[in-house]
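Asks: I'm passing along upload.cif; it holds mmCIF, C-alpha atoms (C1' of nucleotides).
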data_structure
#
loop_
_atom_site.label_atom_id
_atom_site.label_comp_id
_atom_site.auth_asym_id
_atom_site.auth_seq_id
_atom_site.Cartn_x
_atom_site.Cartn_y
_atom_site.Cartn_z
CA MET A 1 3.96 -31.62 12.36
CA LYS A 2 6.25 -29.76 10.00
CA ARG A 3 6.27 -26.01 9.81
CA LEU A 4 4.79 -24.45 6.73
CA GLU A 5 7.40 -22.84 4.49
CA LYS A 6 7.34 -19.78 2.32
CA GLN A 7 6.10 -21.77 -0.65
CA PHE A 8 2.80 -22.58 1.06
CA TYR A 9 1.84 -18.90 1.22
CA GLU A 10 2.58 -18.32 -2.46
CA GLN A 11 -0.83 -19.36 -3.74
CA PRO A 12 -3.71 -17.16 -4.85
CA THR A 13 -5.42 -15.49 -1.90
CA LEU A 14 -8.74 -17.28 -2.28
CA GLU A 15 -7.04 -20.66 -2.38
CA LEU A 16 -4.88 -19.73 0.58
CA ALA A 17 -8.01 -18.83 2.54
CA GLU A 18 -9.22 -22.40 2.05
CA GLN A 19 -5.85 -24.06 2.57
CA LEU A 20 -5.35 -22.28 5.88
CA LEU A 21 -8.36 -24.06 7.37
CA GLY A 22 -7.16 -26.81 9.69
CA LYS A 23 -3.59 -25.49 9.97
CA ILE A 24 -2.12 -24.87 13.43
CA PHE A 25 -1.06 -21.36 14.45
CA VAL A 26 1.79 -21.35 16.98
CA ARG A 27 3.08 -18.57 19.21
CA MET A 28 6.02 -19.25 21.52
CA LEU A 29 6.16 -17.04 24.60
CA PRO A 30 9.07 -16.41 26.98
CA GLY A 31 9.21 -19.18 29.59
CA ASN A 32 8.66 -21.82 26.91
CA ILE A 33 4.91 -21.26 26.94
CA ARG A 34 3.44 -22.65 23.76
CA LEU A 35 0.15 -21.26 22.46
CA THR A 36 -1.46 -23.24 19.65
CA ALA A 37 -4.79 -23.13 17.89
CA ARG A 38 -6.40 -24.56 14.77
CA ILE A 39 -7.65 -22.11 12.13
CA VAL A 40 -11.36 -22.72 11.45
CA GLU A 41 -12.57 -19.54 9.70
CA THR A 42 -10.94 -17.15 7.21
CA GLU A 43 -11.77 -14.37 4.75
CA ALA A 44 -9.92 -13.31 1.60
CA TYR A 45 -9.14 -9.63 0.87
CA LEU A 46 -7.63 -8.59 -2.46
CA GLY A 47 -6.19 -5.26 -3.50
CA GLN A 48 -7.98 -4.84 -6.78
CA ASP A 49 -11.73 -5.04 -7.42
CA ASP A 50 -12.39 -5.41 -3.70
CA GLU A 51 -13.58 -2.17 -2.12
CA ALA A 52 -13.64 -3.83 1.29
CA CYS A 53 -9.88 -4.34 1.15
CA HIS A 54 -7.81 -1.72 2.98
CA ALA A 55 -5.45 -1.55 0.01
CA TRP A 56 -7.96 -1.20 -2.82
CA ARG A 57 -6.95 2.43 -3.43
CA GLY A 58 -3.24 1.83 -3.13
CA LYS A 59 -0.53 1.93 -0.53
CA THR A 60 -0.87 3.95 2.70
CA ALA A 61 0.98 4.04 6.01
CA ARG A 62 -1.39 1.49 7.52
CA ASN A 63 -1.87 -0.97 4.68
CA GLN A 64 1.71 -1.08 3.37
CA ILE A 65 2.23 -4.43 5.13
CA MET A 66 -0.33 -5.97 2.76
CA PHE A 67 2.10 -5.29 -0.07
CA ARG A 68 4.88 -7.29 1.58
CA ALA A 69 5.92 -10.90 0.97
CA PRO A 70 3.49 -13.80 1.51
CA GLY A 71 3.66 -15.18 5.04
CA THR A 72 3.94 -11.76 6.71
CA MET A 73 1.51 -10.90 9.52
CA TYR A 74 -0.67 -7.82 9.04
CA VAL A 75 -2.10 -6.90 12.44
CA TYR A 76 -4.17 -3.74 12.66
CA PHE A 77 -6.20 -1.96 15.34
CA THR A 78 -9.86 -1.11 14.87
CA TYR A 79 -12.96 0.12 16.70
CA GLY A 80 -10.72 1.60 19.36
CA CYS A 81 -10.30 -1.77 21.06
CA HIS A 82 -9.58 -4.74 18.79
CA TYR A 83 -6.56 -6.10 16.93
CA LEU A 84 -7.20 -8.25 13.86
CA LEU A 85 -4.78 -10.82 12.43
CA ASN A 86 -4.21 -11.22 8.70
CA ILE A 87 -1.74 -13.36 6.81
CA VAL A 88 -0.31 -11.56 3.78
CA SER A 89 -0.63 -13.24 0.38
CA GLU A 90 0.19 -12.41 -3.23
CA PRO A 91 3.69 -11.50 -4.49
CA GLU A 92 5.59 -8.58 -3.02
CA GLU A 93 4.19 -5.21 -4.18
CA SER A 94 0.74 -6.63 -4.86
CA ALA A 95 -1.75 -6.38 -2.01
CA GLY A 96 -3.63 -9.32 -0.60
CA ALA A 97 -4.27 -10.97 2.75
CA VAL A 98 -6.35 -13.56 4.54
CA LEU A 99 -8.15 -12.42 7.68
CA VAL A 100 -8.11 -15.13 10.34
CA ARG A 101 -11.61 -14.95 11.85
CA ALA A 102 -11.71 -17.88 14.26
CA MET A 103 -9.59 -20.62 15.78
CA GLU A 104 -10.03 -23.66 17.96
CA PRO A 105 -7.79 -23.33 21.04
CA LEU A 106 -5.46 -26.29 21.66
CA GLU A 107 -2.47 -25.54 23.92
CA GLY A 108 -1.86 -22.75 26.41
CA LEU A 109 -5.48 -22.64 27.53
CA ALA A 110 -4.72 -21.13 30.93
CA PHE A 111 -2.90 -18.21 29.30
CA MET A 112 -5.69 -17.66 26.79
CA GLU A 113 -8.39 -17.81 29.44
CA GLY A 114 -6.50 -15.19 31.42
CA GLN A 115 -6.23 -12.95 28.37
CA ARG A 116 -9.92 -13.30 27.56
CA GLY A 117 -11.34 -13.25 31.07
CA THR A 118 -13.44 -16.33 30.46
CA SER A 119 -12.99 -20.09 30.62
CA SER A 120 -15.65 -20.90 28.04
CA LEU A 121 -13.73 -22.74 25.34
CA THR A 122 -16.06 -21.69 22.54
CA ASN A 123 -15.78 -18.06 23.60
CA LEU A 124 -11.97 -17.90 23.60
CA MET A 125 -11.27 -17.51 19.88
CA SER A 126 -14.64 -17.50 18.08
CA GLY A 127 -14.08 -14.13 16.40
CA PRO A 128 -11.19 -12.14 14.94
CA GLY A 129 -10.90 -9.72 17.86
CA LYS A 130 -11.22 -12.53 20.38
CA LEU A 131 -8.46 -14.67 18.94
CA ALA A 132 -6.06 -11.75 18.79
CA GLN A 133 -6.75 -11.04 22.45
CA ALA A 134 -6.33 -14.72 23.40
CA LEU A 135 -2.96 -14.83 21.63
CA ALA A 136 -1.91 -11.39 22.92
CA LEU A 137 -1.40 -10.09 19.38
CA ASP A 138 -0.94 -6.34 18.97
CA SER A 139 0.80 -3.78 16.78
CA ARG A 140 4.21 -5.13 17.80
CA CYS A 141 3.38 -8.23 15.73
CA ASN A 142 2.52 -6.17 12.65
CA GLY A 143 5.03 -6.86 9.88
CA LYS A 144 6.61 -9.93 11.49
CA ASP A 145 6.67 -13.09 9.39
CA LEU A 146 5.70 -16.68 10.09
CA PHE A 147 9.18 -18.09 9.56
CA GLY A 148 10.79 -17.27 12.90
CA ASP A 149 10.92 -19.01 16.26
CA GLU A 150 8.11 -16.98 17.81
CA PHE A 151 5.35 -17.21 15.20
CA PHE A 152 4.76 -19.98 12.68
CA LEU A 153 2.17 -22.37 11.27
CA GLU A 154 2.31 -26.13 11.51
CA ASN A 155 1.08 -28.29 8.68
CA ALA A 156 -2.04 -30.43 8.81
CA PRO A 157 -3.85 -32.46 6.14
CA PRO A 158 -6.07 -30.35 3.86
CA LEU A 159 -9.75 -30.50 4.78
CA PRO A 160 -11.99 -32.53 2.48
CA ALA A 161 -14.19 -30.26 0.39
CA SER A 162 -17.24 -31.59 2.20
CA MET A 163 -16.03 -29.92 5.41
CA ILE A 164 -15.49 -26.45 3.90
CA GLY A 165 -18.31 -23.91 3.89
CA THR A 166 -18.42 -20.67 1.89
CA SER A 167 -20.35 -17.45 2.46
CA THR A 168 -20.15 -13.72 2.03
CA ARG A 169 -17.88 -11.85 4.41
CA VAL A 170 -18.85 -10.53 7.83
CA GLY A 171 -19.02 -6.93 9.00
CA ILE A 172 -18.27 -5.07 5.77
CA SER A 173 -20.40 -2.55 3.89
CA LYS A 174 -18.74 -2.68 0.47
CA SER A 175 -18.26 -5.60 -1.92
CA ARG A 176 -20.71 -7.53 0.23
CA GLU A 177 -21.63 -9.93 -2.54
CA LEU A 178 -18.23 -11.62 -2.83
CA PRO A 179 -18.33 -15.18 -1.37
CA TRP A 180 -14.88 -14.95 0.13
CA ARG A 181 -15.48 -16.30 3.63
CA LYS A 182 -14.37 -19.87 4.29
CA PHE A 183 -15.10 -21.91 7.39
CA MET A 184 -15.04 -25.42 8.81
CA ILE A 185 -18.59 -26.74 8.72
CA ASN A 186 -20.19 -27.47 12.11
CA ASN A 187 -17.11 -26.45 14.08
CA PRO A 188 -18.28 -24.85 17.36
CA HIS A 189 -15.42 -22.34 17.36
CA VAL A 190 -16.53 -20.58 14.17
CA SER A 191 -17.71 -17.01 14.88
CA LYS A 192 -21.38 -16.54 15.67
CA GLY A 193 -23.88 -14.44 13.76
CA LYS A 194 -23.54 -15.96 10.32
CA VAL A 195 -23.79 -19.34 8.65
CA THR A 196 -21.79 -22.05 10.39
CA ARG A 197 -23.07 -25.04 8.47
CA MET A 198 -24.33 -25.77 4.99
"C1'" DA B 1 -30.53 -3.54 19.23
"C1'" DG B 2 -27.23 -0.07 20.90
"C1'" DC B 3 -22.85 1.74 21.78
"C1'" DG B 4 -17.82 2.33 23.29
"C1'" DT B 5 -13.30 3.87 21.62
"C1'" DG B 6 -9.44 5.70 18.88
"C1'" DA B 7 -6.86 5.25 14.58
"C1'" DT B 8 -7.34 6.11 9.77
"C1'" DC B 9 -9.12 8.02 5.71
"C1'" DT B 10 -11.96 11.42 3.18
"C1'" DT B 11 -13.76 15.76 2.61
"C1'" DT B 12 -13.79 20.69 3.56
"C1'" DA C 1 -9.48 21.01 10.68
"C1'" DA C 2 -13.57 18.39 10.93
"C1'" DG C 3 -16.37 14.46 10.02
"C1'" DA C 4 -17.27 9.60 8.77
"C1'" DT C 5 -16.12 5.03 8.92
"C1'" DC C 6 -14.59 0.87 10.88
"C1'" DA C 7 -12.69 -6.86 8.36
"C1'" DC C 8 -15.76 -6.05 16.56
"C1'" DG C 9 -17.54 -7.57 21.04
"C1'" DC C 10 -20.23 -6.79 25.05
"C1'" DT C 11 -24.22 -5.42 27.62
"C1'" DG C 12 -28.98 -5.20 28.01
#
Take the structure I supplied and represent it as structure tokens, if you would.
Replies:
Amino acid sequence: MKRLEKQFYEQPTLELAEQLLGKIFVRMLPGNIRLTARIVETEAYLGQDDEACHAWRGKTARNQIMFRAPGTMYVYFTYGCHYLLNIVSEPEESAGAVLVRAMEPLEGLAFMEGQRGTSSLTNLMSGPGKLAQALALDSRCNGKDLFGDEFFLENAPPLPASMIGTSTRVGISKSRELPWRKFMINNPHVSKGKVTRM
DNA sequence: AGCGTGATCTTT
DNA sequence: AAGATCACGCTG
């Protein structure tokens, strides 16, 4: 499949959160190891009117990446042990990003199993911290874009609306009412603990 | 259901 | 300088 170009990321954050479902995330590792996985769960975060967004009060040292060009990776560290992967949206100098919450592992399973310390397929990437660990994402990835030879997305047909579920976001204490979580209905790799079907 | 673990942000 | 919070995951 063709790689997704800059233009794909230049759509409103909420639409991007939906359009990312089904797309294939690729990481190339030294030794020609190819890690790939299908995105099955996302959440939208917007600078303004969204108190759960890191950037809702403006630019800081941590969140400045969210103000960069669409298609940039925002990877941050939280709870003392987890990295979380976001894909930056919205034009440069306005903050927005889509949190990638779950993926379905496809290629490079042995590497991912080693990273995660399990061989249970549905436990490899069924959460934002898990998928970052499976793909060995860390702060060195923060600020890199998805247009190079190491990280990129491959295109896939858009999901039919009947396969897309919507709910409120997971694990936040502010702006809890916003229905900005999107997921692939009945996919076993969607994170546990909230609605996975409709 | 409880808690680790450390960076970040807010308040003093 | 100190305190609170945290877009989580694992054990029990």
Asks: In Å, rounded to a single decimal, give me how far atom CA of Asp145 of chain A is from atom CA of Ile65 of chain A.
Replies: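 One can read the atom CA of Ile65 of chain A to atom CA of Asp145 of chain A distance as 10.6 Å.
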Asks: Compare A:Gly31, A:Gly165, A:Gly129, A:Gly117 by their minimum atom-to-atom distance to chain C, counting all atoms listed in the file, and give me the closest one.
Replies: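 Smallest separation from chain C among the options: A:Gly129.
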Asks: What are the residues of chain C lining chain A at 12 Å or less? Count only C-alpha atoms (C1' of nucleotides), and put the answer as a list in words.
Replies: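 For chain C, the answer reads DT5, DC6, DA7, DC8, DG9 and DC10 of chain C.
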Asks: So what does the PyMOL selection byres ((chain C and resi 12) around 10) actually pick up in this one, as a ChimeraX atom specification?
Replies: /B:1-2 /C:10-11
Asks: Output the selection as an mmCIF file, in the frame of the given file - C-alpha atoms (C1' of nucleotides) for each residue.
Replies:
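Saved as result32.cif:
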data_model
loop_
_atom_site.group_PDB
_atom_site.id
_atom_site.type_symbol
_atom_site.label_atom_id
_atom_site.label_comp_id
_atom_site.auth_asym_id
_atom_site.auth_seq_id
_atom_site.Cartn_x
_atom_site.Cartn_y
_atom_site.Cartn_z
ATOM 1 C "C1'" DA B 1 -30.530 -3.540 19.230
ATOM 2 C "C1'" DG B 2 -27.230 -0.070 20.900
ATOM 3 C "C1'" DC C 10 -20.230 -6.790 25.050
ATOM 4 C "C1'" DT C 11 -24.220 -5.420 27.620
#
Asks: Given the file shown, enumerate the residues that the PyMOL selection byres ((chain B) within 12 of (chain A)) captures and present them as a ChimeraX atom specification.
Replies: /B:3-9
Asks: Which residues, written as an NGL selection string, have at least one atom at most 10 Å from Asp50 of chain A, with all atoms listed in the file counted and residues fewer than 6 positions away on the same chain left out?
Replies: :A and (44 or 56-57 or 174-176 or 178)
Asks: Only C-alpha atoms, please: the residues just picked out, written as a short mmCIF file (atom, residue, chain, number, x, y, z; two decimals), in the frame of the given file.
Replies:
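Wrote it out as result-v5.cif, contents follow:
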data_model
loop_
_atom_site.label_atom_id
_atom_site.label_comp_id
_atom_site.auth_asym_id
_atom_site.auth_seq_id
_atom_site.Cartn_x
_atom_site.Cartn_y
_atom_site.Cartn_z
CA ALA A 44 -9.92 -13.31 1.60
CA TRP A 56 -7.96 -1.20 -2.82
CA ARG A 57 -6.95 2.43 -3.43
CA LYS A 174 -18.74 -2.68 0.47
CA SER A 175 -18.26 -5.60 -1.92
CA ARG A 176 -20.71 -7.53 0.23
CA LEU A 178 -18.23 -11.62 -2.83
#
Asks: Determine the residue membership of the PyMOL selection byres ((chain A and resi 10) around 8) for the file above and supply it as a PyMOL selection string.
Replies: chain A and resi 6-9+11-12+70+89-91
Asks: Please indicate the distance in Å from atom CA of Val40 of chain A to atom CA of Ala156 of chain A, rounded to one decimal place.
Replies: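 These two atoms are separated by 12.4 Å.
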Asks: So, with all atoms listed in the file as the atoms that count, which of A:Pro188, A:Gly96, A:Pro105, A:Pro160 lies closest to Tyr74 of chain A?
Replies: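 Of the candidates, the smallest distance to Tyr74 of chain A is held by A:Gly96.
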Asks: Mind checking which residues fall within 12 Å of Asp149 of chain A, counting all atoms listed in the file, ignoring those fewer than 6 positions away in the same chain, and posting them as number ranges by chain?
Replies: A: 3, 26-30, 32, 34
Asks: Atom CA of Val88 of chain A and atom CA of Gly71 of chain A, how far apart in Å?
Replies: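 So the two atoms, atom CA of Gly71 of chain A and atom CA of Val88 of chain A, lie 5.5 Å apart.
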Asks: From the set A:Leu14, A:Leu121, A:Ala132, A:Met184, which residue has the shortest atom-to-atom contact distance to Ile164 of chain A, counting all atoms listed in the file?
Replies: A:Met184
Asks: Determine the nearest neighbour of Leu137 of chain A from the options A:Ala97, A:Met73, A:Ala161, A:Glu104, counting all atoms listed in the file.
Replies: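 Comparing A:Ala97, A:Met73, A:Ala161, A:Glu104 against Leu137 of chain A, the winner is A:Met73.
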Asks: Find the spatial neighbours of DG3 of chain C, counting all atoms listed in the file, within a cut-off of 12 Å - ignore same-chain residues fewer than 4 positions away - and output them as an MDAnalysis selection string.
Replies: chainID B and resid 9:12
